[in-house]
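Notes to accompany the following structure.
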2 protein chains.
Amino acid sequence: MGTRQEISELPPEADLARADSLAREIFSDIANKWALLIIEFVGQRTMRFSELRDAIGGISHKMLTQNLRTLERNGLIVRKVHATVPPRVEYTLTEAGAALRTVVDGMCGWTQEHLAHIEASRREFPS
Amino acid sequence: MGTRQEISELPPEADLARADSLAREIFSDIANKWALLIIEFVGQRTMRFSELRDAIGGISHKMLTQNLRTLERNGLIVRKVHATVPPRVEYTLTEAGAALRTVVDGMCGWTQEHLAHIEASRREFPS
DNA sequence: CTGTATCCGCATTGATACTG
DNA sequence: CAGTATCAATGCGGATACAG
């Protein structure tokens with residue numbers, strides 16, 4: 001197995017080096033605002049389709065459906081349909097999704113912490 | 001200032017609740033694959049324009065320029081022009097950019113760790 | 001309520017050419 | 001080498017209608 005260093009020193013972006021790698025494709029799948037916002041909000045608690053729509057705000061019916069499907073396909077959320085009328089569909093994070101959520105939390109936290117810095121930077125930037 | 005709890009218990013996504021908030025706008029600015037990939041690669045070391053282009057791969061000249069400007073405007077990277085001929089332009093992360101990089105690292109790490117899970121999930125998903 | 005399908009405008013993106 | 005500008009095309013994303 002070699003030394004411990006050889007294993008642990010792999011940089012986190014190692015597999016993202018090639019543009020055509022699977023890692024890159026997956027990265028592109030999740031690195032967009034709708035996907036990340038969905039992860040963040042569903043992470044708060046299990047939510048229904050319309051609850052999610054209202055919570056996120058500004059997302060169209062179509063984009064929400066589309067992103068939910070992609071997330072489900074990648075195993076980040078589970079979709080549970082209750083056979084009632086009217087139908088009730090609930091979305092929950094999987095373990096993998098929850099793990100990603102901690103990362104997204106970090107991103108949300110970063111945004112809050114650097115709001116002032118960013119605003120200042122924008123004002124000084126020569127338009 | 002009140003109790004410590006009142007301050008620390010704010011959820012990381014607090015300011016992202018409204019779709020028209022500044023936090024949301026900034027979140028949207030950085031939550032896209034090119035911006036995050038640039039942060040990740042520039043975070044490895046200071047890089048020139050063409051180095052970055054080659055390192056990332058699959059990004060067009062125009063998109064790279066465009067995203068670099070947005071990142072600069074938001075104070076995440078600094079652009080240093082060396083008055084030589086031919087010109088030499090180097091990009092480096094600011095402190096804020098470096099802070100974001102640790103988050104992006106987490107995202108890269110997450111991608112690597114869950115590659116197998118995602119592949120498996122995709123195979124089982126009814127296309 | 002939730003989901004699928006369609007249409008269509010507009011923004012994003014790439015290719016190309018030109019400047020410093 | 002790095003950047004800007006322009007043009008054309010693709011596809012994202014919204015609105016709408018309809019089905020289960």
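Ligands are numbered from 1 in the order shown, residues from 1 within each chain, and chains are lettered A, B, ... in the order they appear in the structure tokens.
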Since chain A and chain B share a sequence, can you fit the second onto the first over all C-alpha atoms in order and output it as a tab-separated table (two decimals) with N, CA and C atoms, in the first residue's frame?
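Final file, out_39.tsv:
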```tsv
chain	number	residue	atom	x	y	z
B	1	MET	N	-0.34	-1.73	0.44
B	1	MET	CA	-1.07	-0.53	0.02
B	1	MET	C	-0.17	0.70	-0.06
B	2	GLY	N	1.14	0.54	0.28
B	2	GLY	CA	2.03	1.69	0.22
B	2	GLY	C	1.91	2.55	1.47
B	3	THR	N	2.62	3.65	1.50
B	3	THR	CA	2.57	4.53	2.66
B	3	THR	C	1.27	5.31	2.69
B	4	ARG	N	0.96	5.81	3.86
B	4	ARG	CA	-0.27	6.57	4.01
B	4	ARG	C	-0.22	7.87	3.21
B	5	GLN	N	0.97	8.45	3.14
B	5	GLN	CA	1.09	9.73	2.42
B	5	GLN	C	0.67	9.63	0.97
B	6	GLU	N	1.13	8.56	0.32
B	6	GLU	CA	0.82	8.42	-1.10
B	6	GLU	C	-0.66	8.51	-1.38
B	7	ILE	N	-1.44	8.02	-0.42
B	7	ILE	CA	-2.89	8.05	-0.61
B	7	ILE	C	-3.48	9.41	-0.29
B	8	SER	N	-3.09	9.95	0.86
B	8	SER	CA	-3.75	11.16	1.32
B	8	SER	C	-3.29	12.44	0.62
B	9	GLU	N	-2.18	12.37	-0.09
B	9	GLU	CA	-1.66	13.61	-0.68
B	9	GLU	C	-2.28	13.96	-2.03
B	10	LEU	N	-3.18	13.13	-2.50
B	10	LEU	CA	-3.85	13.47	-3.75
B	10	LEU	C	-4.68	14.73	-3.57
B	11	PRO	N	-4.45	15.73	-4.43
B	11	PRO	CA	-5.21	16.98	-4.30
B	11	PRO	C	-6.69	16.73	-4.61
B	12	PRO	N	-7.55	17.53	-4.03
B	12	PRO	CA	-9.00	17.32	-4.18
B	12	PRO	C	-9.50	17.47	-5.61
B	13	GLU	N	-8.72	18.13	-6.43
B	13	GLU	CA	-9.18	18.38	-7.78
B	13	GLU	C	-8.54	17.42	-8.79
B	14	ALA	N	-7.82	16.42	-8.26
B	14	ALA	CA	-7.04	15.53	-9.11
B	14	ALA	C	-7.80	15.05	-10.35
B	15	ASP	N	-8.99	14.54	-10.15
B	15	ASP	CA	-9.73	13.95	-11.25
B	15	ASP	C	-10.45	14.97	-12.11
B	16	LEU	N	-10.33	16.22	-11.75
B	16	LEU	CA	-11.00	17.23	-12.55
B	16	LEU	C	-10.07	17.79	-13.62
B	17	ALA	N	-8.88	17.26	-13.65
B	17	ALA	CA	-7.88	17.81	-14.56
B	17	ALA	C	-8.31	17.72	-16.02
B	18	ARG	N	-8.83	16.57	-16.43
B	18	ARG	CA	-9.24	16.43	-17.82
B	18	ARG	C	-10.70	16.84	-18.01
B	19	ALA	N	-10.90	17.63	-19.03
B	19	ALA	CA	-12.24	18.18	-19.26
B	19	ALA	C	-13.26	17.11	-19.61
B	20	ASP	N	-12.79	15.98	-20.08
B	20	ASP	CA	-13.72	14.93	-20.51
B	20	ASP	C	-13.88	13.81	-19.49
B	21	SER	N	-13.34	14.01	-18.30
B	21	SER	CA	-13.44	12.96	-17.28
B	21	SER	C	-14.84	12.89	-16.70
B	22	LEU	N	-15.13	11.74	-16.10
B	22	LEU	CA	-16.43	11.58	-15.47
B	22	LEU	C	-16.59	12.54	-14.31
B	23	ALA	N	-15.51	12.71	-13.57
B	23	ALA	CA	-15.55	13.62	-12.42
B	23	ALA	C	-15.95	15.03	-12.87
B	24	ARG	N	-15.40	15.43	-13.98
B	24	ARG	CA	-15.70	16.75	-14.51
B	24	ARG	C	-17.16	16.86	-14.89
B	25	GLU	N	-17.67	15.81	-15.47
B	25	GLU	CA	-19.07	15.81	-15.90
B	25	GLU	C	-20.01	15.92	-14.69
B	26	ILE	N	-19.69	15.15	-13.65
B	26	ILE	CA	-20.51	15.19	-12.45
B	26	ILE	C	-20.39	16.54	-11.77
B	27	PHE	N	-19.18	17.06	-11.75
B	27	PHE	CA	-18.94	18.38	-11.16
B	27	PHE	C	-19.83	19.41	-11.86
B	28	SER	N	-19.88	19.32	-13.17
B	28	SER	CA	-20.71	20.26	-13.94
B	28	SER	C	-22.19	20.08	-13.64
B	29	ASP	N	-22.57	18.84	-13.35
B	29	ASP	CA	-23.97	18.56	-13.03
B	29	ASP	C	-24.41	19.26	-11.76
B	30	ILE	N	-23.55	19.30	-10.77
B	30	ILE	CA	-23.95	19.85	-9.48
B	30	ILE	C	-23.54	21.31	-9.29
B	31	ALA	N	-22.56	21.76	-10.08
B	31	ALA	CA	-22.09	23.14	-9.91
B	31	ALA	C	-22.96	24.12	-10.69
B	32	ASN	N	-24.23	24.14	-10.39
B	32	ASN	CA	-25.10	25.16	-10.98
B	32	ASN	C	-26.07	25.60	-9.91
B	33	LYS	N	-26.49	26.82	-9.98
B	33	LYS	CA	-27.23	27.39	-8.85
B	33	LYS	C	-28.50	26.65	-8.46
B	34	TRP	N	-29.27	26.17	-9.44
B	34	TRP	CA	-30.51	25.48	-9.06
B	34	TRP	C	-30.24	24.20	-8.29
B	35	ALA	N	-29.32	23.40	-8.79
B	35	ALA	CA	-29.01	22.14	-8.12
B	35	ALA	C	-28.55	22.40	-6.68
B	36	LEU	N	-27.67	23.36	-6.51
B	36	LEU	CA	-27.14	23.64	-5.18
B	36	LEU	C	-28.21	24.21	-4.25
B	37	LEU	N	-29.07	25.06	-4.80
B	37	LEU	CA	-30.13	25.62	-3.96
B	37	LEU	C	-31.12	24.54	-3.54
B	38	ILE	N	-31.40	23.62	-4.44
B	38	ILE	CA	-32.30	22.52	-4.10
B	38	ILE	C	-31.69	21.68	-2.99
B	39	ILE	N	-30.42	21.33	-3.15
B	39	ILE	CA	-29.73	20.56	-2.11
B	39	ILE	C	-29.83	21.28	-0.77
B	40	GLU	N	-29.60	22.56	-0.81
B	40	GLU	CA	-29.62	23.35	0.43
B	40	GLU	C	-30.99	23.34	1.09
B	41	PHE	N	-32.02	23.58	0.31
B	41	PHE	CA	-33.36	23.67	0.90
B	41	PHE	C	-33.93	22.30	1.29
B	42	VAL	N	-33.72	21.30	0.46
B	42	VAL	CA	-34.19	19.96	0.83
B	42	VAL	C	-33.42	19.48	2.06
B	43	GLY	N	-32.20	19.96	2.19
B	43	GLY	CA	-31.39	19.58	3.34
B	43	GLY	C	-31.98	20.08	4.65
B	44	GLN	N	-32.72	21.17	4.58
B	44	GLN	CA	-33.34	21.70	5.80
B	44	GLN	C	-34.36	20.71	6.35
B	45	ARG	N	-35.12	20.16	5.46
B	45	ARG	CA	-36.11	19.14	5.85
B	45	ARG	C	-36.75	18.56	4.58
B	46	THR	N	-37.35	17.40	4.73
B	46	THR	CA	-38.09	16.81	3.63
B	46	THR	C	-39.15	17.79	3.16
B	47	MET	N	-39.25	17.92	1.85
B	47	MET	CA	-40.20	18.90	1.32
B	47	MET	C	-40.98	18.36	0.13
B	48	ARG	N	-42.15	18.91	-0.03
B	48	ARG	CA	-42.99	18.56	-1.18
B	48	ARG	C	-42.58	19.43	-2.36
B	49	PHE	N	-43.06	19.04	-3.52
B	49	PHE	CA	-42.72	19.78	-4.74
B	49	PHE	C	-43.04	21.27	-4.62
B	50	SER	N	-44.26	21.56	-4.27
B	50	SER	CA	-44.69	22.97	-4.23
B	50	SER	C	-44.06	23.74	-3.07
B	51	GLU	N	-43.79	23.04	-1.99
B	51	GLU	CA	-43.10	23.70	-0.88
B	51	GLU	C	-41.72	24.16	-1.34
B	52	LEU	N	-41.07	23.25	-2.04
B	52	LEU	CA	-39.73	23.52	-2.54
B	52	LEU	C	-39.76	24.71	-3.50
B	53	ARG	N	-40.75	24.67	-4.37
B	53	ARG	CA	-40.92	25.75	-5.35
B	53	ARG	C	-41.05	27.10	-4.65
B	54	ASP	N	-41.88	27.14	-3.60
B	54	ASP	CA	-42.09	28.37	-2.86
B	54	ASP	C	-40.84	28.77	-2.08
B	55	ALA	N	-40.21	27.77	-1.48
B	55	ALA	CA	-39.04	28.05	-0.64
B	55	ALA	C	-37.91	28.65	-1.47
B	56	ILE	N	-37.66	28.07	-2.62
B	56	ILE	CA	-36.57	28.55	-3.46
B	56	ILE	C	-36.92	29.90	-4.07
B	57	GLY	N	-38.09	29.96	-4.67
B	57	GLY	CA	-38.52	31.23	-5.25
B	57	GLY	C	-37.77	31.56	-6.51
B	58	GLY	N	-38.48	31.98	-7.53
B	58	GLY	CA	-37.82	32.38	-8.77
B	58	GLY	C	-37.44	31.23	-9.67
B	59	ILE	N	-37.80	30.02	-9.28
B	59	ILE	CA	-37.51	28.88	-10.16
B	59	ILE	C	-38.82	28.45	-10.82
B	60	SER	N	-38.74	28.15	-12.10
B	60	SER	CA	-39.94	27.75	-12.82
B	60	SER	C	-40.26	26.29	-12.55
B	61	HIS	N	-41.50	25.96	-12.76
B	61	HIS	CA	-42.00	24.60	-12.61
B	61	HIS	C	-41.08	23.62	-13.35
B	62	LYS	N	-40.81	23.97	-14.58
B	62	LYS	CA	-40.02	23.10	-15.43
B	62	LYS	C	-38.59	22.88	-14.93
B	63	MET	N	-37.94	23.95	-14.57
B	63	MET	CA	-36.56	23.86	-14.09
B	63	MET	C	-36.49	23.04	-12.81
B	64	LEU	N	-37.47	23.21	-11.94
B	64	LEU	CA	-37.47	22.46	-10.70
B	64	LEU	C	-37.58	20.96	-10.99
B	65	THR	N	-38.54	20.60	-11.82
B	65	THR	CA	-38.72	19.19	-12.19
B	65	THR	C	-37.43	18.63	-12.79
B	66	GLN	N	-36.91	19.36	-13.73
B	66	GLN	CA	-35.72	18.93	-14.46
B	66	GLN	C	-34.53	18.69	-13.53
B	67	ASN	N	-34.29	19.65	-12.65
B	67	ASN	CA	-33.16	19.52	-11.73
B	67	ASN	C	-33.39	18.42	-10.70
B	68	LEU	N	-34.64	18.27	-10.27
B	68	LEU	CA	-34.94	17.21	-9.31
B	68	LEU	C	-34.65	15.84	-9.94
B	69	ARG	N	-34.98	15.69	-11.21
B	69	ARG	CA	-34.73	14.42	-11.89
B	69	ARG	C	-33.23	14.13	-11.98
B	70	THR	N	-32.48	15.14	-12.34
B	70	THR	CA	-31.02	14.95	-12.44
B	70	THR	C	-30.43	14.57	-11.08
B	71	LEU	N	-30.88	15.26	-10.04
B	71	LEU	CA	-30.38	14.96	-8.70
B	71	LEU	C	-30.78	13.55	-8.28
B	72	GLU	N	-31.97	13.15	-8.66
B	72	GLU	CA	-32.44	11.80	-8.31
B	72	GLU	C	-31.61	10.75	-9.07
B	73	ARG	N	-31.41	11.03	-10.33
B	73	ARG	CA	-30.64	10.12	-11.17
B	73	ARG	C	-29.23	9.92	-10.63
B	74	ASN	N	-28.66	10.96	-10.08
B	74	ASN	CA	-27.31	10.89	-9.54
B	74	ASN	C	-27.29	10.37	-8.09
B	75	GLY	N	-28.47	10.03	-7.58
B	75	GLY	CA	-28.53	9.47	-6.23
B	75	GLY	C	-28.29	10.47	-5.12
B	76	LEU	N	-28.70	11.73	-5.31
B	76	LEU	CA	-28.52	12.73	-4.26
B	76	LEU	C	-29.81	12.98	-3.49
B	77	ILE	N	-30.93	12.72	-4.14
B	77	ILE	CA	-32.21	12.84	-3.45
B	77	ILE	C	-33.07	11.62	-3.76
B	78	VAL	N	-34.02	11.36	-2.88
B	78	VAL	CA	-34.99	10.29	-3.15
B	78	VAL	C	-36.37	10.92	-3.27
B	79	ARG	N	-37.14	10.35	-4.17
B	79	ARG	CA	-38.46	10.87	-4.47
B	79	ARG	C	-39.48	9.86	-3.97
B	80	LYS	N	-40.33	10.28	-3.05
B	80	LYS	CA	-41.33	9.37	-2.50
B	80	LYS	C	-42.74	9.84	-2.85
B	81	VAL	N	-43.45	8.99	-3.58
B	81	VAL	CA	-44.81	9.33	-3.99
B	81	VAL	C	-45.82	8.68	-3.06
B	82	HIS	N	-46.70	9.48	-2.47
B	82	HIS	CA	-47.77	8.94	-1.63
B	82	HIS	C	-49.01	8.78	-2.50
B	83	ALA	N	-49.55	7.57	-2.50
B	83	ALA	CA	-50.69	7.26	-3.36
B	83	ALA	C	-51.98	7.83	-2.80
B	84	THR	N	-52.04	9.12	-2.69
B	84	THR	CA	-53.24	9.78	-2.20
B	84	THR	C	-53.78	10.65	-3.33
B	85	VAL	N	-54.96	11.23	-3.06
B	85	VAL	CA	-55.48	12.14	-4.05
B	85	VAL	C	-55.98	13.38	-3.32
B	86	PRO	N	-55.37	14.52	-3.64
B	86	PRO	CA	-54.36	14.71	-4.68
B	86	PRO	C	-53.02	14.10	-4.30
B	87	PRO	N	-52.18	13.80	-5.27
B	87	PRO	CA	-50.88	13.18	-5.00
B	87	PRO	C	-49.99	14.06	-4.13
B	88	ARG	N	-49.15	13.37	-3.39
B	88	ARG	CA	-48.24	14.07	-2.49
B	88	ARG	C	-46.86	13.47	-2.72
B	89	VAL	N	-45.93	14.29	-3.18
B	89	VAL	CA	-44.59	13.81	-3.51
B	89	VAL	C	-43.57	14.52	-2.62
B	90	GLU	N	-42.77	13.73	-1.94
B	90	GLU	CA	-41.80	14.32	-1.02
B	90	GLU	C	-40.37	14.00	-1.43
B	91	TYR	N	-39.53	14.97	-1.26
B	91	TYR	CA	-38.12	14.82	-1.62
B	91	TYR	C	-37.25	14.90	-0.38
B	92	THR	N	-36.28	13.99	-0.31
B	92	THR	CA	-35.38	13.92	0.83
B	92	THR	C	-33.96	13.68	0.33
B	93	LEU	N	-32.98	14.15	1.08
B	93	LEU	CA	-31.60	13.91	0.69
B	93	LEU	C	-31.19	12.48	1.01
B	94	THR	N	-30.37	11.91	0.14
B	94	THR	CA	-29.74	10.63	0.46
B	94	THR	C	-28.52	10.93	1.33
B	95	GLU	N	-27.80	9.89	1.67
B	95	GLU	CA	-26.59	10.09	2.46
B	95	GLU	C	-25.58	10.93	1.67
B	96	ALA	N	-25.45	10.58	0.40
B	96	ALA	CA	-24.53	11.33	-0.47
B	96	ALA	C	-24.97	12.79	-0.58
B	97	GLY	N	-26.28	12.98	-0.71
B	97	GLY	CA	-26.80	14.33	-0.81
B	97	GLY	C	-26.53	15.13	0.46
B	98	ALA	N	-26.70	14.47	1.59
B	98	ALA	CA	-26.46	15.14	2.87
B	98	ALA	C	-24.99	15.53	2.99
B	99	ALA	N	-24.12	14.66	2.49
B	99	ALA	CA	-22.69	14.97	2.53
B	99	ALA	C	-22.40	16.20	1.69
B	100	LEU	N	-23.02	16.27	0.53
B	100	LEU	CA	-22.83	17.43	-0.32
B	100	LEU	C	-23.40	18.68	0.34
B	101	ARG	N	-24.46	18.48	1.07
B	101	ARG	CA	-25.10	19.62	1.71
B	101	ARG	C	-24.15	20.34	2.67
B	102	THR	N	-23.33	19.58	3.36
B	102	THR	CA	-22.39	20.23	4.28
B	102	THR	C	-21.45	21.15	3.51
B	103	VAL	N	-21.10	20.73	2.30
B	103	VAL	CA	-20.25	21.58	1.46
B	103	VAL	C	-21.01	22.84	1.04
B	104	VAL	N	-22.24	22.65	0.61
B	104	VAL	CA	-23.05	23.79	0.18
B	104	VAL	C	-23.29	24.75	1.34
B	105	ASP	N	-23.47	24.19	2.53
B	105	ASP	CA	-23.59	25.02	3.71
B	105	ASP	C	-22.38	25.94	3.82
B	106	GLY	N	-21.22	25.35	3.58
B	106	GLY	CA	-19.99	26.14	3.64
B	106	GLY	C	-20.03	27.28	2.64
B	107	MET	N	-20.59	27.00	1.48
B	107	MET	CA	-20.68	28.01	0.45
B	107	MET	C	-21.66	29.13	0.84
B	108	CYS	N	-22.76	28.73	1.45
B	108	CYS	CA	-23.73	29.71	1.93
B	108	CYS	C	-23.10	30.57	3.02
B	109	GLY	N	-22.41	29.91	3.92
B	109	GLY	CA	-21.73	30.62	4.99
B	109	GLY	C	-20.71	31.59	4.44
B	110	TRP	N	-19.97	31.14	3.46
B	110	TRP	CA	-18.96	31.99	2.83
B	110	TRP	C	-19.62	33.24	2.24
B	111	THR	N	-20.72	33.04	1.56
B	111	THR	CA	-21.43	34.16	0.94
B	111	THR	C	-21.81	35.20	1.99
B	112	GLN	N	-22.37	34.73	3.08
B	112	GLN	CA	-22.78	35.65	4.14
B	112	GLN	C	-21.59	36.41	4.73
B	113	GLU	N	-20.54	35.67	4.98
B	113	GLU	CA	-19.37	36.27	5.62
B	113	GLU	C	-18.67	37.30	4.75
B	114	HIS	N	-18.81	37.15	3.43
B	114	HIS	CA	-18.08	38.04	2.54
B	114	HIS	C	-18.95	39.03	1.80
B	115	LEU	N	-20.19	39.15	2.21
B	115	LEU	CA	-21.11	40.09	1.57
B	115	LEU	C	-20.53	41.50	1.53
B	116	ALA	N	-20.07	41.95	2.67
B	116	ALA	CA	-19.56	43.32	2.76
B	116	ALA	C	-18.33	43.51	1.87
B	117	HIS	N	-17.42	42.54	1.92
B	117	HIS	CA	-16.22	42.61	1.11
B	117	HIS	C	-16.57	42.68	-0.38
B	118	ILE	N	-17.52	41.89	-0.79
B	118	ILE	CA	-17.92	41.84	-2.20
B	118	ILE	C	-18.58	43.15	-2.63
B	119	GLU	N	-19.47	43.64	-1.79
B	119	GLU	CA	-20.12	44.92	-2.11
B	119	GLU	C	-19.09	46.01	-2.28
B	120	ALA	N	-18.13	46.05	-1.36
B	120	ALA	CA	-17.08	47.07	-1.42
B	120	ALA	C	-16.28	46.93	-2.70
B	121	SER	N	-15.92	45.70	-3.01
B	121	SER	CA	-15.13	45.45	-4.21
B	121	SER	C	-15.87	45.88	-5.47
B	122	ARG	N	-17.15	45.66	-5.48
B	122	ARG	CA	-17.95	46.04	-6.65
B	122	ARG	C	-17.99	47.54	-6.83
B	123	ARG	N	-18.10	48.26	-5.73
B	123	ARG	CA	-18.17	49.72	-5.82
B	123	ARG	C	-16.88	50.30	-6.39
B	124	GLU	N	-15.76	49.68	-6.02
B	124	GLU	CA	-14.47	50.21	-6.47
B	124	GLU	C	-14.12	49.79	-7.89
B	125	PHE	N	-14.76	48.76	-8.36
B	125	PHE	CA	-14.41	48.23	-9.67
B	125	PHE	C	-14.81	49.18	-10.78
B	126	PRO	N	-13.84	49.55	-11.64
B	126	PRO	CA	-14.14	50.43	-12.77
B	126	PRO	C	-15.12	49.74	-13.71
B	127	SER	N	-16.32	50.20	-13.66
B	127	SER	CA	-17.36	49.57	-14.48
B	127	SER	C	-16.98	49.63	-15.96
```
_Would you mind listing, as a ChimeraX atom specification, all residues of chain C that have at least one atom within 8 Å of chain A, where only C-alpha atoms (C1' of nucleotides) are what counts?_
/C:1-3
Write out, as a tab-separated table, each residue of chain D that has an atom at most 12 Å from chain A, together with the closest pair of atoms and their distance in Å to one decimal, counting only C-alpha atoms (C1' of nucleotides), rows going by chain and rising number.
```
residue	atom	partner	partner_atom	distance
D:DC12	C1'	A:Met63	CA	9.7
D:DG13	C1'	A:Met63	CA	7.1
D:DG14	C1'	A:Ser60	CA	6.8
D:DA15	C1'	A:Ser60	CA	9.3
D:DT16	C1'	A:His61	CA	11.4
D:DG20	C1'	A:Pro87	CA	9.4
```
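Here atom C1' of DG3 of chain D is placed at a distance of 14.3 Å from atom C1' of DT16 of chain C.
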*Any chance you could list, as a VMD selection string, the residues in segment 54-113 of chain A that come up helix (DSSP H, G or I) when DSSP is run on the backbone?*
chain A and resid 54 to 56 61 to 73 95 to 113
_Atom-to-atom span, atom C1' of DA5 of chain D and atom C1' of DG14 of chain C, Å_ = 13.8 Å
*From the DSSP assignment of the backbone, select every residue of segment 10-101 of chain A that is strand (DSSP E or B), and format the answer as JSON, numbers by chain.*
{"A": [32, 47, 48, 77, 78, 79, 80, 81, 82, 88, 89, 90, 91, 92, 93]}
Quick one: write out the picked residues with N, CA and C atoms as an mmCIF file, in the first residue's frame?
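Ended up saving to again04.cif:
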```cif
data_model
loop_
_atom_site.group_PDB
_atom_site.id
_atom_site.type_symbol
_atom_site.label_atom_id
_atom_site.label_comp_id
_atom_site.auth_asym_id
_atom_site.auth_seq_id
_atom_site.Cartn_x
_atom_site.Cartn_y
_atom_site.Cartn_z
ATOM 1 N N ASN A 32 -24.305 24.146 -10.335
ATOM 2 C CA ASN A 32 -25.157 25.183 -10.899
ATOM 3 C C ASN A 32 -26.132 25.603 -9.824
ATOM 4 N N MET A 47 -39.351 17.895 1.836
ATOM 5 C CA MET A 47 -40.291 18.878 1.305
ATOM 6 C C MET A 47 -41.064 18.351 0.109
ATOM 7 N N ARG A 48 -42.233 18.910 -0.063
ATOM 8 C CA ARG A 48 -43.057 18.571 -1.216
ATOM 9 C C ARG A 48 -42.624 19.437 -2.399
ATOM 10 N N ILE A 77 -31.032 12.681 -4.116
ATOM 11 C CA ILE A 77 -32.310 12.813 -3.436
ATOM 12 C C ILE A 77 -33.182 11.598 -3.751
ATOM 13 N N VAL A 78 -34.147 11.343 -2.879
ATOM 14 C CA VAL A 78 -35.112 10.281 -3.154
ATOM 15 C C VAL A 78 -36.491 10.910 -3.295
ATOM 16 N N ARG A 79 -37.242 10.348 -4.210
ATOM 17 C CA ARG A 79 -38.558 10.881 -4.525
ATOM 18 C C ARG A 79 -39.591 9.874 -4.039
ATOM 19 N N LYS A 80 -40.435 10.300 -3.126
ATOM 20 C CA LYS A 80 -41.450 9.398 -2.586
ATOM 21 C C LYS A 80 -42.848 9.870 -2.967
ATOM 22 N N VAL A 81 -43.568 9.013 -3.685
ATOM 23 C CA VAL A 81 -44.916 9.365 -4.123
ATOM 24 C C VAL A 81 -45.950 8.718 -3.215
ATOM 25 N N HIS A 82 -46.839 9.520 -2.637
ATOM 26 C CA HIS A 82 -47.920 9.001 -1.812
ATOM 27 C C HIS A 82 -49.148 8.852 -2.696
ATOM 28 N N ARG A 88 -49.239 13.447 -3.577
ATOM 29 C CA ARG A 88 -48.328 14.134 -2.661
ATOM 30 C C ARG A 88 -46.949 13.530 -2.865
ATOM 31 N N VAL A 89 -46.005 14.350 -3.311
ATOM 32 C CA VAL A 89 -44.656 13.853 -3.604
ATOM 33 C C VAL A 89 -43.653 14.543 -2.702
ATOM 34 N N GLU A 90 -42.881 13.731 -2.012
ATOM 35 C CA GLU A 90 -41.912 14.309 -1.082
ATOM 36 C C GLU A 90 -40.472 13.986 -1.482
ATOM 37 N N TYR A 91 -39.618 14.958 -1.295
ATOM 38 C CA TYR A 91 -38.206 14.804 -1.644
ATOM 39 C C TYR A 91 -37.344 14.881 -0.392
ATOM 40 N N THR A 92 -36.388 13.958 -0.320
ATOM 41 C CA THR A 92 -35.492 13.890 0.828
ATOM 42 C C THR A 92 -34.070 13.653 0.345
ATOM 43 N N LEU A 93 -33.101 14.120 1.092
ATOM 44 C CA LEU A 93 -31.709 13.880 0.722
ATOM 45 C C LEU A 93 -31.308 12.450 1.038
#
```
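Pairwise distance (atom C1' of DT19 of chain C, atom C1' of DC7 of chain D) equals 18.2 Å.
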